[in-house]
$ cat my_file30.pdb   # PDB, C-alpha atoms and all ligand atoms
ATOM      1  CA  MET A   1     -67.990 -45.610-103.678
ATOM      2  CA  ILE A   2     -69.820 -48.400-101.895
ATOM      3  CA  GLU A   3     -72.691 -47.429 -99.648
ATOM      4  CA  LEU A   4     -72.429 -49.618 -96.558
ATOM      5  CA  ARG A   5     -76.126 -50.094 -95.993
ATOM      6  CA  GLY A   6     -77.034 -51.479 -92.593
ATOM      7  CA  LYS A   7     -80.111 -53.360 -93.707
ATOM      8  CA  ALA A   8     -78.173 -56.098 -95.520
ATOM      9  CA  VAL A   9     -76.053 -56.639 -92.407
ATOM     10  CA  ALA A  10     -79.061 -56.650 -90.103
ATOM     11  CA  ASP A  11     -80.987 -59.065 -92.340
ATOM     12  CA  ALA A  12     -78.102 -61.558 -92.474
ATOM     13  CA  HIS A  13     -77.795 -61.553 -88.670
ATOM     14  CA  LYS A  14     -81.548 -61.703 -88.119
ATOM     15  CA  ALA A  15     -81.940 -64.719 -90.413
ATOM     16  CA  ILE A  16     -79.602 -66.750 -88.209
ATOM     17  CA  LEU A  17     -81.119 -65.561 -84.936
ATOM     18  CA  GLN A  18     -84.742 -65.933 -86.052
ATOM     19  CA  GLU A  19     -84.658 -69.742 -86.047
ATOM     20  CA  LYS A  20     -83.269 -69.902 -82.521
ATOM     21  CA  VAL A  21     -85.907 -67.474 -81.281
ATOM     22  CA  ALA A  22     -88.737 -69.367 -82.996
ATOM     23  CA  ALA A  23     -87.735 -72.459 -81.028
ATOM     24  CA  VAL A  24     -88.271 -70.531 -77.761
ATOM     25  CA  GLY A  25     -91.737 -69.161 -78.616
ATOM     26  CA  ASP A  26     -93.456 -65.828 -79.153
ATOM     27  CA  SER A  27     -92.962 -62.963 -76.674
ATOM     28  CA  VAL A  28     -91.012 -65.097 -74.200
ATOM     29  CA  ILE A  29     -87.616 -63.482 -74.607
ATOM     30  CA  THR A  30     -88.104 -59.984 -73.207
ATOM     31  CA  MET A  31     -86.116 -56.770 -73.118
ATOM     32  CA  ALA A  32     -86.743 -53.507 -71.302
ATOM     33  CA  VAL A  33     -85.695 -49.978 -72.236
ATOM     34  CA  LEU A  34     -85.161 -47.328 -69.553
ATOM     35  CA  LEU A  35     -85.697 -43.916 -71.162
ATOM     36  CA  VAL A  36     -85.281 -40.758 -69.078
ATOM     37  CA  GLY A  37     -85.713 -37.249 -70.439
ATOM     38  CA  GLU A  38     -85.816 -35.820 -73.948
ATOM     39  CA  ASP A  39     -82.587 -36.722 -75.795
ATOM     40  CA  HIS A  40     -83.241 -36.977 -79.562
ATOM     41  CA  GLY A  41     -80.988 -39.998 -80.189
ATOM     42  CA  ALA A  42     -82.306 -41.870 -77.171
ATOM     43  CA  HIS A  43     -85.931 -41.338 -78.217
ATOM     44  CA  MET A  44     -85.158 -42.411 -81.752
ATOM     45  CA  TYR A  45     -83.447 -45.542 -80.513
ATOM     46  CA  ALA A  46     -86.323 -46.371 -78.123
ATOM     47  CA  THR A  47     -88.847 -46.084 -80.948
ATOM     48  CA  PHE A  48     -86.908 -48.272 -83.369
ATOM     49  CA  MET A  49     -85.918 -50.764 -80.702
ATOM     50  CA  GLU A  50     -89.540 -51.273 -79.719
ATOM     51  CA  LYS A  51     -90.597 -51.838 -83.326
ATOM     52  CA  THR A  52     -87.659 -54.154 -84.025
ATOM     53  CA  ALA A  53     -88.107 -56.204 -80.844
ATOM     54  CA  LYS A  54     -91.854 -56.675 -81.298
ATOM     55  CA  ASN A  55     -91.504 -57.549 -84.994
ATOM     56  CA  PHE A  56     -88.953 -60.132 -84.011
ATOM     57  CA  GLY A  57     -91.276 -61.822 -81.515
ATOM     58  CA  TYR A  58     -89.696 -60.475 -78.351
ATOM     59  CA  GLY A  59     -91.546 -59.102 -75.369
ATOM     60  CA  PHE A  60     -90.834 -55.380 -74.878
ATOM     61  CA  VAL A  61     -91.161 -53.180 -71.794
ATOM     62  CA  LEU A  62     -90.722 -49.398 -72.022
ATOM     63  CA  LYS A  63     -89.990 -47.626 -68.737
ATOM     64  CA  GLN A  64     -90.148 -43.942 -69.491
ATOM     65  CA  LEU A  65     -89.505 -41.163 -66.984
ATOM     66  CA  PRO A  66     -89.765 -37.404 -67.526
ATOM     67  CA  GLU A  67     -86.858 -34.929 -67.699
ATOM     68  CA  THR A  68     -87.724 -33.938 -64.114
ATOM     69  CA  ALA A  69     -87.423 -37.448 -62.638
ATOM     70  CA  THR A  70     -85.263 -37.693 -59.517
ATOM     71  CA  GLN A  71     -82.323 -40.042 -59.011
ATOM     72  CA  ASP A  72     -84.417 -42.091 -56.573
ATOM     73  CA  GLU A  73     -87.212 -42.488 -59.118
ATOM     74  CA  VAL A  74     -84.833 -43.661 -61.822
ATOM     75  CA  VAL A  75     -83.106 -46.059 -59.415
ATOM     76  CA  ALA A  76     -86.484 -47.475 -58.377
ATOM     77  CA  ALA A  77     -87.449 -48.053 -62.014
ATOM     78  CA  LEU A  78     -84.185 -49.849 -62.659
ATOM     79  CA  GLN A  79     -84.514 -52.015 -59.528
ATOM     80  CA  GLU A  80     -87.970 -53.044 -60.647
ATOM     81  CA  LEU A  81     -86.568 -54.272 -63.958
ATOM     82  CA  ASN A  82     -83.612 -55.990 -62.224
ATOM     83  CA  ASN A  83     -86.050 -57.907 -60.039
ATOM     84  CA  ASP A  84     -88.512 -58.813 -62.782
ATOM     85  CA  ALA A  85     -87.717 -62.416 -63.768
ATOM     86  CA  ALA A  86     -89.694 -61.983 -67.019
ATOM     87  CA  VAL A  87     -87.218 -59.303 -68.201
ATOM     88  CA  HIS A  88     -83.996 -60.805 -69.552
ATOM     89  CA  GLY A  89     -82.192 -57.723 -70.749
ATOM     90  CA  ILE A  90     -82.235 -54.039 -69.739
ATOM     91  CA  LEU A  91     -81.100 -51.136 -71.940
ATOM     92  CA  PRO A  92     -80.692 -47.836 -70.057
ATOM     93  CA  LEU A  93     -80.570 -45.199 -72.789
ATOM     94  CA  MET A  94     -77.892 -42.512 -72.688
ATOM     95  CA  PRO A  95     -77.568 -39.643 -72.247
ATOM     96  CA  MET A  96     -79.888 -39.095 -69.288
ATOM     97  CA  PRO A  97     -80.680 -35.600 -67.900
ATOM     98  CA  LYS A  98     -77.631 -33.844 -66.397
ATOM     99  CA  HIS A  99     -78.876 -34.064 -62.805
ATOM    100  CA  ILE A 100     -78.954 -37.872 -62.967
ATOM    101  CA  ASP A 101     -75.827 -39.655 -61.721
ATOM    102  CA  THR A 102     -75.646 -42.296 -64.451
ATOM    103  CA  GLU A 103     -72.463 -43.880 -63.049
ATOM    104  CA  ALA A 104     -74.220 -44.650 -59.779
ATOM    105  CA  LEU A 105     -77.242 -45.894 -61.689
ATOM    106  CA  ILE A 106     -75.278 -48.224 -63.944
ATOM    107  CA  ASP A 107     -73.539 -49.744 -60.933
ATOM    108  CA  MET A 108     -76.974 -50.995 -59.854
ATOM    109  CA  LEU A 109     -77.733 -52.684 -63.168
ATOM    110  CA  ASP A 110     -77.643 -56.487 -62.929
ATOM    111  CA  PRO A 111     -74.576 -57.459 -65.059
ATOM    112  CA  LYS A 112     -76.452 -60.509 -66.340
ATOM    113  CA  LYS A 113     -79.110 -58.186 -67.814
ATOM    114  CA  ASP A 114     -76.597 -55.598 -69.019
ATOM    115  CA  ILE A 115     -77.185 -56.139 -72.763
ATOM    116  CA  ASP A 116     -75.379 -52.927 -73.808
ATOM    117  CA  GLY A 117     -72.230 -53.646 -71.799
ATOM    118  CA  LEU A 118     -72.435 -50.599 -69.547
ATOM    119  CA  THR A 119     -71.446 -52.095 -66.177
ATOM    120  CA  THR A 120     -67.891 -52.093 -64.875
ATOM    121  CA  TYR A 121     -68.104 -55.882 -64.705
ATOM    122  CA  ASN A 122     -68.828 -56.279 -68.428
ATOM    123  CA  ILE A 123     -66.389 -53.506 -69.407
ATOM    124  CA  GLY A 124     -63.737 -55.476 -67.498
ATOM    125  CA  LEU A 125     -64.556 -58.731 -69.285
ATOM    126  CA  VAL A 126     -64.619 -57.086 -72.699
ATOM    127  CA  THR A 127     -61.387 -55.166 -72.055
ATOM    128  CA  ALA A 128     -59.648 -58.346 -70.899
ATOM    129  CA  GLY A 129     -60.959 -60.213 -73.945
ATOM    130  CA  LYS A 130     -62.869 -62.636 -71.704
ATOM    131  CA  GLY A 131     -66.331 -62.365 -73.269
ATOM    132  CA  GLY A 132     -69.051 -60.374 -71.503
ATOM    133  CA  PHE A 133     -71.617 -58.043 -73.042
ATOM    134  CA  ALA A 134     -70.071 -55.356 -75.255
ATOM    135  CA  PRO A 135     -71.835 -52.134 -76.305
ATOM    136  CA  CYS A 136     -74.119 -52.907 -79.262
ATOM    137  CA  THR A 137     -73.144 -49.860 -81.330
ATOM    138  CA  ALA A 138     -69.490 -50.930 -81.236
ATOM    139  CA  LYS A 139     -70.523 -54.460 -82.232
ATOM    140  CA  ALA A 140     -72.565 -52.956 -85.086
ATOM    141  CA  CYS A 141     -69.463 -51.204 -86.507
ATOM    142  CA  MET A 142     -67.568 -54.497 -86.476
ATOM    143  CA  ALA A 143     -70.501 -56.385 -88.004
ATOM    144  CA  ILE A 144     -70.616 -53.898 -90.907
ATOM    145  CA  LEU A 145     -66.863 -54.242 -91.580
ATOM    146  CA  ASN A 146     -67.175 -58.061 -91.445
ATOM    147  CA  HIS A 147     -70.260 -58.234 -93.627
ATOM    148  CA  TYR A 148     -68.712 -56.124 -96.375
ATOM    149  CA  ASP A 149     -65.391 -58.028 -96.137
ATOM    150  CA  ILE A 150     -63.390 -54.968 -95.118
ATOM    151  CA  PRO A 151     -60.216 -56.172 -93.406
ATOM    152  CA  VAL A 152     -58.994 -54.345 -90.301
ATOM    153  CA  GLU A 153     -55.632 -56.080 -90.020
ATOM    154  CA  GLY A 154     -52.821 -53.907 -91.310
ATOM    155  CA  LYS A 155     -55.075 -50.856 -91.454
ATOM    156  CA  HIS A 156     -54.807 -47.576 -89.632
ATOM    157  CA  VAL A 157     -58.081 -47.062 -87.780
ATOM    158  CA  VAL A 158     -58.932 -43.582 -86.527
ATOM    159  CA  VAL A 159     -61.719 -43.324 -83.944
ATOM    160  CA  ILE A 160     -63.187 -39.905 -83.177
ATOM    161  CA  GLY A 161     -64.894 -39.872 -79.782
ATOM    162  CA  ARG A 162     -63.968 -41.668 -76.548
ATOM    163  CA  SER A 163     -67.326 -42.460 -74.991
ATOM    164  CA  GLN A 164     -67.863 -45.591 -72.946
ATOM    165  CA  VAL A 165     -70.671 -46.812 -75.240
ATOM    166  CA  ILE A 166     -68.859 -46.434 -78.537
ATOM    167  CA  GLY A 167     -65.445 -44.745 -78.869
ATOM    168  CA  LYS A 168     -63.566 -46.791 -76.270
ATOM    169  CA  PRO A 169     -65.068 -50.202 -77.084
ATOM    170  CA  VAL A 170     -64.812 -49.865 -80.867
ATOM    171  CA  ALA A 171     -61.152 -48.840 -80.470
ATOM    172  CA  LEU A 172     -60.543 -52.000 -78.417
ATOM    173  CA  MET A 173     -62.394 -54.174 -80.910
ATOM    174  CA  THR A 174     -60.518 -52.858 -83.957
ATOM    175  CA  LEU A 175     -57.294 -53.257 -81.968
ATOM    176  CA  GLY A 176     -58.337 -56.858 -81.277
ATOM    177  CA  ALA A 177     -58.862 -57.285 -85.026
ATOM    178  CA  HIS A 178     -55.188 -56.243 -85.492
ATOM    179  CA  GLY A 179     -55.791 -52.668 -86.568
ATOM    180  CA  THR A 180     -53.407 -49.876 -85.622
ATOM    181  CA  VAL A 181     -55.664 -47.536 -83.721
ATOM    182  CA  THR A 182     -55.625 -43.792 -83.060
ATOM    183  CA  MET A 183     -58.206 -42.328 -80.693
ATOM    184  CA  CYS A 184     -59.163 -38.698 -81.196
ATOM    185  CA  HIS A 185     -61.448 -36.536 -79.086
ATOM    186  CA  SER A 186     -62.495 -32.969 -78.354
ATOM    187  CA  ARG A 187     -59.040 -32.060 -77.063
ATOM    188  CA  THR A 188     -57.043 -33.522 -79.926
ATOM    189  CA  PRO A 189     -55.164 -30.475 -81.279
ATOM    190  CA  ASP A 190     -54.598 -31.606 -84.864
ATOM    191  CA  LEU A 191     -57.825 -33.479 -85.577
ATOM    192  CA  ALA A 192     -57.837 -33.058 -89.369
ATOM    193  CA  GLU A 193     -54.268 -34.339 -89.650
ATOM    194  CA  GLN A 194     -55.009 -37.372 -87.493
ATOM    195  CA  VAL A 195     -58.210 -38.301 -89.297
ATOM    196  CA  LYS A 196     -56.450 -37.970 -92.648
ATOM    197  CA  ARG A 197     -54.158 -40.858 -91.656
ATOM    198  CA  GLY A 198     -57.103 -43.236 -91.318
ATOM    199  CA  ASP A 199     -57.694 -46.117 -93.724
ATOM    200  CA  ILE A 200     -60.797 -46.708 -91.633
ATOM    201  CA  VAL A 201     -62.425 -43.708 -89.938
ATOM    202  CA  ILE A 202     -65.017 -44.305 -87.215
ATOM    203  CA  ALA A 203     -66.822 -41.074 -86.327
ATOM    204  CA  ALA A 204     -68.520 -41.153 -82.935
ATOM    205  CA  ALA A 205     -68.187 -37.702 -81.454
ATOM    206  CA  GLY A 206     -71.817 -36.643 -81.591
ATOM    207  CA  ARG A 207     -71.398 -33.409 -83.549
ATOM    208  CA  ALA A 208     -73.294 -32.934 -86.826
ATOM    209  CA  HIS A 209     -71.107 -32.883 -89.948
ATOM    210  CA  MET A 210     -67.869 -32.323 -88.005
ATOM    211  CA  ILE A 211     -65.949 -34.700 -90.304
ATOM    212  CA  THR A 212     -65.482 -32.836 -93.568
ATOM    213  CA  ALA A 213     -64.148 -33.934 -96.953
ATOM    214  CA  ASP A 214     -60.711 -32.328 -96.461
ATOM    215  CA  MET A 215     -60.087 -34.609 -93.436
ATOM    216  CA  ILE A 216     -60.541 -37.855 -95.363
ATOM    217  CA  LYS A 217     -57.777 -39.785 -97.107
ATOM    218  CA  PRO A 218     -58.896 -40.721-100.640
ATOM    219  CA  GLY A 219     -60.193 -44.295-100.620
ATOM    220  CA  ALA A 220     -60.765 -44.479 -96.853
ATOM    221  CA  VAL A 221     -63.652 -46.475 -95.361
ATOM    222  CA  VAL A 222     -65.901 -44.222 -93.276
ATOM    223  CA  ILE A 223     -68.197 -45.527 -90.533
ATOM    224  CA  ASP A 224     -70.505 -42.797 -89.245
ATOM    225  CA  VAL A 225     -71.940 -43.523 -85.807
ATOM    226  CA  GLY A 226     -73.393 -40.060 -85.259
ATOM    227  CA  ILE A 227     -77.113 -39.477 -84.773
ATOM    228  CA  ASN A 228     -77.670 -35.712 -84.698
ATOM    229  CA  GLU A 229     -80.536 -33.387 -85.387
ATOM    230  CA  LEU A 230     -79.717 -30.672 -87.911
ATOM    231  CA  GLU A 231     -82.423 -28.390 -89.312
ATOM    232  CA  GLY A 232     -85.084 -30.948 -88.472
ATOM    233  CA  LYS A 233     -83.235 -33.813 -90.151
ATOM    234  CA  THR A 234     -81.245 -36.703 -88.703
ATOM    235  CA  VAL A 235     -77.632 -36.457 -89.830
ATOM    236  CA  GLY A 236     -74.368 -38.131 -88.885
ATOM    237  CA  ASP A 237     -71.027 -36.793 -87.666
ATOM    238  CA  VAL A 238     -69.792 -36.991 -91.258
ATOM    239  CA  ASP A 239     -70.681 -34.550 -94.035
ATOM    240  CA  TYR A 240     -71.950 -37.417 -96.176
ATOM    241  CA  GLU A 241     -72.603 -35.511 -99.406
ATOM    242  CA  ALA A 242     -69.040 -34.168 -99.558
ATOM    243  CA  VAL A 243     -67.222 -37.220 -98.176
ATOM    244  CA  LYS A 244     -68.952 -39.803-100.361
ATOM    245  CA  ASP A 245     -66.930 -38.772-103.416
ATOM    246  CA  ILE A 246     -63.617 -39.259-101.594
ATOM    247  CA  ALA A 247     -64.238 -42.384 -99.509
ATOM    248  CA  SER A 248     -64.212 -45.891-101.012
ATOM    249  CA  ALA A 249     -67.087 -46.893 -98.752
ATOM    250  CA  ILE A 250     -69.321 -45.051 -96.303
ATOM    251  CA  THR A 251     -72.284 -45.756 -94.030
ATOM    252  CA  PRO A 252     -75.355 -43.548 -94.552
ATOM    253  CA  VAL A 253     -77.287 -41.916 -91.679
ATOM    254  CA  PRO A 254     -79.980 -43.066 -91.199
ATOM    255  CA  GLY A 255     -79.772 -46.552 -92.632
ATOM    256  CA  GLY A 256     -76.230 -47.367 -91.531
ATOM    257  CA  VAL A 257     -74.854 -48.204 -88.094
ATOM    258  CA  GLY A 258     -78.126 -47.476 -86.269
ATOM    259  CA  SER A 259     -80.076 -50.111 -88.131
ATOM    260  CA  VAL A 260     -77.438 -52.720 -87.228
ATOM    261  CA  THR A 261     -77.268 -51.628 -83.577
ATOM    262  CA  THR A 262     -80.858 -52.702 -82.982
ATOM    263  CA  THR A 263     -80.029 -56.134 -84.442
ATOM    264  CA  MET A 264     -76.972 -56.492 -82.186
ATOM    265  CA  MET A 265     -79.341 -55.714 -79.327
ATOM    266  CA  LEU A 266     -81.620 -58.590 -80.384
ATOM    267  CA  GLU A 267     -78.612 -60.921 -80.288
ATOM    268  CA  ALA A 268     -77.572 -59.683 -76.847
ATOM    269  CA  VAL A 269     -81.078 -60.175 -75.438
ATOM    270  CA  TYR A 270     -81.084 -63.747 -76.725
ATOM    271  CA  GLU A 271     -77.703 -64.308 -75.032
ATOM    272  CA  ALA A 272     -79.054 -62.861 -71.788
ATOM    273  CA  TYR A 273     -82.094 -65.146 -71.995
ATOM    274  CA  HIS A 274     -79.851 -68.171 -72.415
ATOM    275  CA  ALA A 275     -77.370 -67.283 -69.677
TER     276      ALA A 275
HETATM  277  N1  LIG B   1     -76.872 -47.109 -73.807
HETATM  278  C1  LIG B   1     -77.033 -46.605 -75.032
HETATM  279  N2  LIG B   1     -76.590 -47.298 -76.104
HETATM  280  C2  LIG B   1     -76.792 -46.826 -77.379
HETATM  281  O1  LIG B   1     -76.402 -47.494 -78.357
HETATM  282  C3  LIG B   1     -77.471 -45.563 -77.558
HETATM  283  C4  LIG B   1     -77.915 -44.901 -76.406
HETATM  284  N3  LIG B   1     -77.652 -45.413 -75.169
HETATM  285  N4  LIG B   1     -78.607 -43.742 -76.505
HETATM  286  C5  LIG B   1     -79.032 -43.217 -77.787
HETATM  287  C6  LIG B   1     -78.105 -43.576 -78.905
HETATM  288  C7  LIG B   1     -78.793 -43.488 -80.260
HETATM  289  N5  LIG B   1     -78.816 -44.833 -80.777
HETATM  290  C8  LIG B   1     -79.521 -45.258 -81.924
HETATM  291  C9  LIG B   1     -79.532 -46.589 -82.316
HETATM  292  C10 LIG B   1     -80.278 -47.015 -83.417
HETATM  293  C11 LIG B   1     -81.022 -46.132 -84.164
HETATM  294  C12 LIG B   1     -81.756 -46.641 -85.344
HETATM  295  O2  LIG B   1     -82.316 -47.716 -85.341
HETATM  296  N6  LIG B   1     -81.769 -45.897 -86.428
HETATM  297  C13 LIG B   1     -82.297 -46.364 -87.713
HETATM  298  C14 LIG B   1     -83.605 -45.767 -88.079
HETATM  299  C15 LIG B   1     -83.567 -44.349 -88.533
HETATM  300  C16 LIG B   1     -84.786 -43.837 -89.260
HETATM  301  O3  LIG B   1     -85.306 -44.572 -90.135
HETATM  302  O4  LIG B   1     -85.190 -42.702 -88.983
HETATM  303  C17 LIG B   1     -81.253 -46.062 -88.750
HETATM  304  O5  LIG B   1     -80.248 -45.423 -88.410
HETATM  305  O6  LIG B   1     -81.427 -46.532 -89.860
HETATM  306  C18 LIG B   1     -81.006 -44.787 -83.802
HETATM  307  C19 LIG B   1     -80.267 -44.371 -82.683
HETATM  308  C20 LIG B   1     -78.187 -45.663 -79.899
HETATM  309  N7  LIG B   1     -77.727 -45.022 -78.808
END
$ encode --input "my_file30.pdb" --output "structure tokens" --more "lines below"
Ligand SMILES: Nc1nc(=O)c2c([nH]1)NC[C@@H]1CN(c3ccc(C(=O)N[C@@H](CCC(=O)O)C(=O)O)cc3)C=[N+]21
Amino acid sequence: MIELRGKAVADAHKAILQEKVAAVGDSVITMAVLLVGEDHGAHMYATFMEKTAKNFGYGFVLKQLPETATQDEVVAALQELNNDAAVHGILPLMPMPKHIDTEALIDMLDPKKDIDGLTTYNIGLVTAGKGGFAPCTAKACMAILNHYDIPVEGKHVVVIGRSQVIGKPVALMTLGAHGTVTMCHSRTPDLAEQVKRGDIVIAAAGRAHMITADMIKPGAVVIDVGINELEGKTVGDVDYEAVKDIASAITPVPGGVGSVTTTMMLEAVYEAYHA
């Protein structure tokens, strides 16, 4: 079993980007994170993104609002970032509190600053294969497969989860890489059977340890996108300890997809700066 560690992937990408960024100067290229409420994954991401961005020589702005923030307050915070010429990229972290209409909010995000590919405009470009910003977590999955020379062409890819930030885009990207793709979700009746057909399994449903060893075809490659809290620990959607003996390769959590996602974000911010 090969452990698909994210750090090697992140380091390879950072080495290439670092030179370009050095030519621009310290703390010029700037990203902002919009963090509303208490979600565990969102807070974790905000913390690591801040550290990663600052270490890399980027400017970083954290706009944090409490769980009780109103729609108007969140919209105002976003508008401020849209209008700030010193901010090149904006990352609104999901999920936001239930009373926030995130669809309406995202429609107000400047597509040129939409580094995580959330706007309808960028979704359209990505879906049509015409460039645009794609969600960084989906890009991270592809970067891991590329880095470890795992071909997608001719493979059966099973994606669990259909979210806009990961399930849908990673399905499109693996399809674009000539995979044969099955998308599963909470209403898939025969989940275990479907997952068992996967040469490559991408778990992005957001439920701790929902992918168990009996669902995995021996020798499959398993990409675990989940970031869940279980008994005070961060765990993935895959029961790593059981699945690792069956899979040919698997990403750990933490230390897998998440650590590459932040690097994909650095690349997107650089693109936004240059646009
Ligand atoms: N619009 C949007 N896009 C996202 O991609 C998105 C989001 N909202 N909301 C929250 C979740 C969560 N998420 C993480 C990304 C990286 C780490 C990360 O860097 N983790 C490291 C550090 C872990 C550790 O050392 O504890 C790792 O996995 O190795 C964590 C969590 C992105 N998400």
$ closest_residue --input "my_file30.pdb" --among "A:Ala134, A:Asn83, A:Ile144, A:Ile29" --to "His13 of chain A" --atoms "all atoms listed in the file"
A:Ile144
$ atom_distance --input "my_file30.pdb" --atom1 "atom CA of Gly154 of chain A" --atom2 "atom CA of Gly226 of chain A"
25.5 Å
$ closest_residue --input "my_file30.pdb" --among "A:Phe48, A:Phe133, A:Phe60, A:Tyr273" --to "Val260 of chain A" --atoms "all atoms listed in the file"
A:Phe48
$ atom_distance --input "my_file30.pdb" --atom1 "atom CA of Ala203 of chain A" --atom2 "atom CA of Gly129 of chain A"
23.5 Å
$ residues_around --input "my_file30.pdb" --residues "Leu230 of chain A" --least-positions-apart "3" --cutoff "10 Å" --atoms "only C-alpha atoms" --output "VMD selection string"
chain A and resid 207 to 209 227 233 to 236
$ closest_atom_pairs --input "my_file30.pdb" --of "chain A" --to "ligand LIG 1 (chain B)" --cutoff "9 Å" --atoms "only C-alpha atoms and all ligand atoms" --output "tab-separated table"
residue	atom	partner	partner_atom	distance
A:Arg5	CA	B:LIG1	O6	8.9
A:Gly6	CA	B:LIG1	O6	7.2
A:Lys7	CA	B:LIG1	O6	7.9
A:Leu35	CA	B:LIG1	N4	8.9
A:Asp39	CA	B:LIG1	C5	7.7
A:His40	CA	B:LIG1	C5	7.7
A:Gly41	CA	B:LIG1	C7	4.1
A:Ala42	CA	B:LIG1	C5	3.6
A:His43	CA	B:LIG1	C5	7.2
A:Met44	CA	B:LIG1	C18	5.2
A:Tyr45	CA	B:LIG1	C19	4.0
A:Ala46	CA	B:LIG1	C19	7.8
A:Thr47	CA	B:LIG1	O2	8.0
A:Phe48	CA	B:LIG1	O2	5.0
A:Met49	CA	B:LIG1	O2	6.6
A:Thr52	CA	B:LIG1	O2	8.5
A:Leu91	CA	B:LIG1	N1	6.1
A:Pro92	CA	B:LIG1	N1	5.4
A:Leu93	CA	B:LIG1	N3	3.8
A:Met94	CA	B:LIG1	N3	3.8
A:Pro95	CA	B:LIG1	N4	6.0
A:Met96	CA	B:LIG1	N4	8.7
A:Asp116	CA	B:LIG1	N1	6.0
A:Gly117	CA	B:LIG1	N1	8.3
A:Leu118	CA	B:LIG1	N1	7.1
A:Pro135	CA	B:LIG1	N2	6.8
A:Cys136	CA	B:LIG1	O1	5.9
A:Thr137	CA	B:LIG1	O1	5.0
A:Ala138	CA	B:LIG1	O1	8.2
A:Val165	CA	B:LIG1	N2	6.0
A:Ile166	CA	B:LIG1	O1	7.6
A:Val225	CA	B:LIG1	N5	8.6
A:Gly226	CA	B:LIG1	C7	8.1
A:Ile227	CA	B:LIG1	C19	6.2
A:Thr234	CA	B:LIG1	O4	7.2
A:Pro252	CA	B:LIG1	O5	8.1
A:Val253	CA	B:LIG1	O5	5.6
A:Pro254	CA	B:LIG1	O5	3.7
A:Gly255	CA	B:LIG1	O6	3.2
A:Gly256	CA	B:LIG1	O5	5.4
A:Val257	CA	B:LIG1	O5	6.1
A:Gly258	CA	B:LIG1	C10	3.6
A:Ser259	CA	B:LIG1	O6	4.2
A:Val260	CA	B:LIG1	O2	7.2
A:Thr261	CA	B:LIG1	C10	5.5
A:Thr262	CA	B:LIG1	O2	5.7
A:Thr263	CA	B:LIG1	O2	8.8
A:Met265	CA	B:LIG1	O1	8.8
$ write_last_selection --input "my_file30.pdb" --atoms "C-alpha atoms" --output "mmCIF file, keeping the file's coordinate frame"
data_model
loop_
_atom_site.group_PDB
_atom_site.id
_atom_site.type_symbol
_atom_site.label_atom_id
_atom_site.label_comp_id
_atom_site.auth_asym_id
_atom_site.auth_seq_id
_atom_site.Cartn_x
_atom_site.Cartn_y
_atom_site.Cartn_z
ATOM 1 C CA ARG A 5 -76.126 -50.094 -95.993
ATOM 2 C CA GLY A 6 -77.034 -51.479 -92.593
ATOM 3 C CA LYS A 7 -80.111 -53.360 -93.707
ATOM 4 C CA LEU A 35 -85.697 -43.916 -71.162
ATOM 5 C CA ASP A 39 -82.587 -36.722 -75.795
ATOM 6 C CA HIS A 40 -83.241 -36.977 -79.562
ATOM 7 C CA GLY A 41 -80.988 -39.998 -80.189
ATOM 8 C CA ALA A 42 -82.306 -41.870 -77.171
ATOM 9 C CA HIS A 43 -85.931 -41.338 -78.217
ATOM 10 C CA MET A 44 -85.158 -42.411 -81.752
ATOM 11 C CA TYR A 45 -83.447 -45.542 -80.513
ATOM 12 C CA ALA A 46 -86.323 -46.371 -78.123
ATOM 13 C CA THR A 47 -88.847 -46.084 -80.948
ATOM 14 C CA PHE A 48 -86.908 -48.272 -83.369
ATOM 15 C CA MET A 49 -85.918 -50.764 -80.702
ATOM 16 C CA THR A 52 -87.659 -54.154 -84.025
ATOM 17 C CA LEU A 91 -81.100 -51.136 -71.940
ATOM 18 C CA PRO A 92 -80.692 -47.836 -70.057
ATOM 19 C CA LEU A 93 -80.570 -45.199 -72.789
ATOM 20 C CA MET A 94 -77.892 -42.512 -72.688
ATOM 21 C CA PRO A 95 -77.568 -39.643 -72.247
ATOM 22 C CA MET A 96 -79.888 -39.095 -69.288
ATOM 23 C CA ASP A 116 -75.379 -52.927 -73.808
ATOM 24 C CA GLY A 117 -72.230 -53.646 -71.799
ATOM 25 C CA LEU A 118 -72.435 -50.599 -69.547
ATOM 26 C CA PRO A 135 -71.835 -52.134 -76.305
ATOM 27 C CA CYS A 136 -74.119 -52.907 -79.262
ATOM 28 C CA THR A 137 -73.144 -49.860 -81.330
ATOM 29 C CA ALA A 138 -69.490 -50.930 -81.236
ATOM 30 C CA VAL A 165 -70.671 -46.812 -75.240
ATOM 31 C CA ILE A 166 -68.859 -46.434 -78.537
ATOM 32 C CA VAL A 225 -71.940 -43.523 -85.807
ATOM 33 C CA GLY A 226 -73.393 -40.060 -85.259
ATOM 34 C CA ILE A 227 -77.113 -39.477 -84.773
ATOM 35 C CA THR A 234 -81.245 -36.703 -88.703
ATOM 36 C CA PRO A 252 -75.355 -43.548 -94.552
ATOM 37 C CA VAL A 253 -77.287 -41.916 -91.679
ATOM 38 C CA PRO A 254 -79.980 -43.066 -91.199
ATOM 39 C CA GLY A 255 -79.772 -46.552 -92.632
ATOM 40 C CA GLY A 256 -76.230 -47.367 -91.531
ATOM 41 C CA VAL A 257 -74.854 -48.204 -88.094
ATOM 42 C CA GLY A 258 -78.126 -47.476 -86.269
ATOM 43 C CA SER A 259 -80.076 -50.111 -88.131
ATOM 44 C CA VAL A 260 -77.438 -52.720 -87.228
ATOM 45 C CA THR A 261 -77.268 -51.628 -83.577
ATOM 46 C CA THR A 262 -80.858 -52.702 -82.982
ATOM 47 C CA THR A 263 -80.029 -56.134 -84.442
ATOM 48 C CA MET A 265 -79.341 -55.714 -79.327
#
$ closest_residue --input "my_file30.pdb" --among "A:Met1, A:Val201, A:Leu172, A:Ala272" --to "Lys155 of chain A" --atoms "all atoms listed in the file"
A:Val201
